[in-house]
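Engineer: Take a look at the following structure, please.
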Amino acid sequence: MILWSDDCVETAWTPEIVDARDDEALMNVTLRPECPEDRQSIWSVNHAAFGNDAEANLVDALRQDGFAEVSVVAEIDDQIVGHILFSPISILASDQTVSGVSLAPMAVLPRHQRQGIGIKLVETGLQSCRDQGHQIAVVLGHPEFYSRFGFSSDLAQPLESPFGGGDAWMAIELVAGALSGVTGSVQYSPPFTAFE
């Protein structure tokens, strides 16, 4: 069981081995909240995982502007190898505004992918969002990966994404029934306008 802490306390777990290429997959991985000294390492992980600066710079902008709701890192031997960030969204409906969070981005260093680290980052991040009282989360990502956590393109169908996405546009109810009757357009935090 992974316990969440609001400070930089470590929680260790052994990753699922999805594609064990070498002994590295057997190493202990630590999940913990982001700390200020992690910023450069987080930037480097996002840059390496996405192959460009866009997502790495997005994380910096979200953090700088106060939009980082949940930010979790994964470490192996005190080196950050993965990161996930959740930031606030608003669903603008005709008669109300419903709040939620967006999962974006999530990154694992290429040499540590397919070892279960991304799975643990998503599970831990979603649990932290629940613990903080968030009821809805959205993601634009690989349906086969994110559906295992309960994300669904059917749930997201009534929600208009500024980025399109088709089946890759998904939502999850962190509290049962949170999306019942909710229809509207999703507004992301201002740093996301760089991607519109």
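Please note that chains go A, B, ... in the order of the structure tokens, that every chain numbers its residues from 1, and that ligands are numbered from 1 in the order shown.
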As a CSV table (one decimal) with all heavy atoms, in the first residue's frame, please: the residues near Ser90 in chain A (cut-off 6 Å, only C-alpha atoms, same-chain neighbours under 3 positions excluded).
Structural biologist:
```csv
chain,number,residue,atom,x,y,z
A,98,VAL,N,-18.0,23.6,-12.8
A,98,VAL,CA,-17.6,22.4,-12.0
A,98,VAL,C,-16.1,22.4,-12.1
A,98,VAL,O,-15.5,22.5,-13.1
A,98,VAL,CB,-18.2,21.1,-12.6
A,98,VAL,CG1,-17.8,19.9,-11.8
A,98,VAL,CG2,-19.8,21.3,-12.7
A,99,SER,N,-15.5,22.2,-10.9
A,99,SER,CA,-14.0,22.1,-10.9
A,99,SER,C,-13.5,20.6,-10.9
A,99,SER,O,-14.3,19.7,-10.6
A,99,SER,CB,-13.5,22.8,-9.6
A,99,SER,OG,-14.0,22.1,-8.4
A,186,VAL,N,-14.2,22.4,-21.2
A,186,VAL,CA,-13.2,22.3,-20.2
A,186,VAL,C,-12.2,23.5,-20.4
A,186,VAL,O,-11.7,23.6,-21.5
A,186,VAL,CB,-12.4,21.0,-20.2
A,186,VAL,CG1,-11.3,20.9,-19.2
A,186,VAL,CG2,-13.4,19.8,-19.9
A,187,GLN,N,-12.0,24.2,-19.3
A,187,GLN,CA,-11.0,25.3,-19.4
A,187,GLN,C,-9.8,24.9,-18.5
A,187,GLN,O,-9.9,24.6,-17.3
A,187,GLN,CB,-11.6,26.6,-18.8
A,187,GLN,CG,-10.7,27.8,-18.9
A,187,GLN,CD,-11.3,29.0,-18.4
A,187,GLN,OE1,-12.5,29.0,-18.0
A,187,GLN,NE2,-10.6,30.1,-18.4
```
Engineer: Do you have, as CSV, the list of residues of range 33-56 of chain A lying at most 7 Å from range 64-80 of chain A, each with its nearest atom pair and that distance in Å to one decimal, counting only C-alpha atoms and ordered by chain then number?
Structural biologist:
```
residue,atom,partner,partner_atom,distance
A:Pro33,CA,A:Val72,CA,4.4
A:Glu34,CA,A:Val72,CA,5.3
A:Ser41,CA,A:Ile80,CA,6.3
```
Engineer: Pull all heavy atoms from the residues just selected and write them as a PDB file, in the first residue's frame.
Structural biologist:
```pdb
ATOM      1  N   PRO A  33       6.185  13.321  -2.804  1.00  0.00           N
ATOM      2  CA  PRO A  33       5.842  14.624  -3.377  1.00  0.00           C
ATOM      3  C   PRO A  33       7.089  15.341  -3.889  1.00  0.00           C
ATOM      4  O   PRO A  33       8.193  15.127  -3.387  1.00  0.00           O
ATOM      5  CB  PRO A  33       5.239  15.390  -2.195  1.00  0.00           C
ATOM      6  CG  PRO A  33       4.869  14.348  -1.200  1.00  0.00           C
ATOM      7  CD  PRO A  33       5.839  13.232  -1.377  1.00  0.00           C
ATOM      8  N   GLU A  34       6.881  16.178  -4.875  1.00  0.00           N
ATOM      9  CA  GLU A  34       7.961  17.024  -5.383  1.00  0.00           C
ATOM     10  C   GLU A  34       8.470  17.941  -4.282  1.00  0.00           C
ATOM     11  O   GLU A  34       7.697  18.477  -3.490  1.00  0.00           O
ATOM     12  CB  GLU A  34       7.433  17.874  -6.537  1.00  0.00           C
ATOM     13  CG  GLU A  34       8.401  18.929  -7.011  1.00  0.00           C
ATOM     14  CD  GLU A  34       7.794  19.878  -8.028  1.00  0.00           C
ATOM     15  OE1 GLU A  34       6.818  19.509  -8.709  1.00  0.00           O
ATOM     16  OE2 GLU A  34       8.310  21.000  -8.138  1.00  0.00           O
ATOM     17  N   SER A  41      15.693  18.295 -12.088  1.00  0.00           N
ATOM     18  CA  SER A  41      15.564  16.875 -12.437  1.00  0.00           C
ATOM     19  C   SER A  41      14.210  16.587 -13.087  1.00  0.00           C
ATOM     20  O   SER A  41      14.127  15.810 -14.052  1.00  0.00           O
ATOM     21  CB  SER A  41      15.733  16.004 -11.188  1.00  0.00           C
ATOM     22  OG  SER A  41      17.050  16.112 -10.679  1.00  0.00           O
TER      23      SER A  41
END
```
Engineer: Return the single residue from A:Leu109, A:Ala194, A:Gly125, A:Ile91 that is closest to Leu159 in chain A, with distances computed using only C-alpha atoms.
Structural biologist: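 Of A:Leu109, A:Ala194, A:Gly125, A:Ile91, the one nearest Leu159 in chain A is A:Ile91, counting only C-alpha atoms.
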Engineer: Extract the full set of alpha helix (DSSP H) residues from range 110-167 of chain A according to DSSP on the backbone, and format it as a PyMOL selection string.
Structural biologist: chain A and resi 117-131+143-146+153-156
Engineer: CA of Glu144 in chain A and CA of Val45 in chain A, how far apart in Å?
Structural biologist: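 Interatomic distance, CA of Val45 in chain A to CA of Glu144 in chain A: 22.7 Å.
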Engineer: Go through range 62-184 of chain A and collect every residue that DSSP, computed from the backbone, puts in strand (DSSP E); the answer should be as an MDAnalysis selection string.
Structural biologist: chainID A and resid 70:76 79:92 97:108 136:140 159:160 169:173 184
Engineer: Out of A:Pro162, A:Gly100, A:Pro190, A:Gly118, which residue has the shortest atom-to-atom distance to Tyr146 in chain A when counting only C-alpha atoms?
Structural biologist: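 Smallest separation from Tyr146 in chain A among the options: A:Gly118.
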Engineer: Out of A:Phe192, A:Thr183, A:Ile84, A:Asp167, which residue has the shortest atom-to-atom distance to Ser147 in chain A when counting only C-alpha atoms?
Structural biologist: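 Ranked by minimum distance to Ser147 in chain A, first place goes to A:Asp167.
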Engineer: Residues near range 131-136 of chain A, anyone? I mean within 6 Å using only C-alpha atoms, not counting same-chain ones fewer than 5 positions away, as a list in words.
Structural biologist: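 The filter keeps Gly100, Ile172, Glu173, Leu174 and Val175 of chain A.
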Engineer: Write to file, as a PDB file, in the first residue's frame, the residues of the selection just made, with N, CA, C and O atoms.
Structural biologist:
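Output contents, as saved in part_15.pdb:
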```pdb
ATOM      1  N   GLY A 100     -12.311  20.496 -11.373  1.00  0.00           N
ATOM      2  CA  GLY A 100     -11.663  19.195 -11.465  1.00  0.00           C
ATOM      3  C   GLY A 100     -10.176  19.400 -11.637  1.00  0.00           C
ATOM      4  O   GLY A 100      -9.659  20.503 -11.417  1.00  0.00           O
ATOM      5  N   ILE A 172     -12.385  10.643 -15.480  1.00  0.00           N
ATOM      6  CA  ILE A 172     -12.641   9.684 -14.406  1.00  0.00           C
ATOM      7  C   ILE A 172     -13.368  10.411 -13.288  1.00  0.00           C
ATOM      8  O   ILE A 172     -13.092  11.590 -13.008  1.00  0.00           O
ATOM      9  N   GLU A 173     -14.319   9.714 -12.668  1.00  0.00           N
ATOM     10  CA  GLU A 173     -14.975  10.236 -11.475  1.00  0.00           C
ATOM     11  C   GLU A 173     -14.171   9.773 -10.269  1.00  0.00           C
ATOM     12  O   GLU A 173     -14.078   8.575 -10.005  1.00  0.00           O
ATOM     13  N   LEU A 174     -13.582  10.700  -9.552  1.00  0.00           N
ATOM     14  CA  LEU A 174     -12.853  10.360  -8.337  1.00  0.00           C
ATOM     15  C   LEU A 174     -13.819  10.144  -7.180  1.00  0.00           C
ATOM     16  O   LEU A 174     -13.463   9.548  -6.165  1.00  0.00           O
ATOM     17  N   VAL A 175     -15.022  10.665  -7.348  1.00  0.00           N
ATOM     18  CA  VAL A 175     -16.150  10.411  -6.453  1.00  0.00           C
ATOM     19  C   VAL A 175     -17.282   9.935  -7.350  1.00  0.00           C
ATOM     20  O   VAL A 175     -17.601  10.596  -8.350  1.00  0.00           O
TER      21      VAL A 175
END
```
Engineer: May I ask for the distance between CA of Tyr188 in chain A and CA of His47 in chain A, given in Å to one decimal place?
Structural biologist: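 Result for CA of Tyr188 in chain A versus CA of His47 in chain A: 21.5 Å, one decimal.
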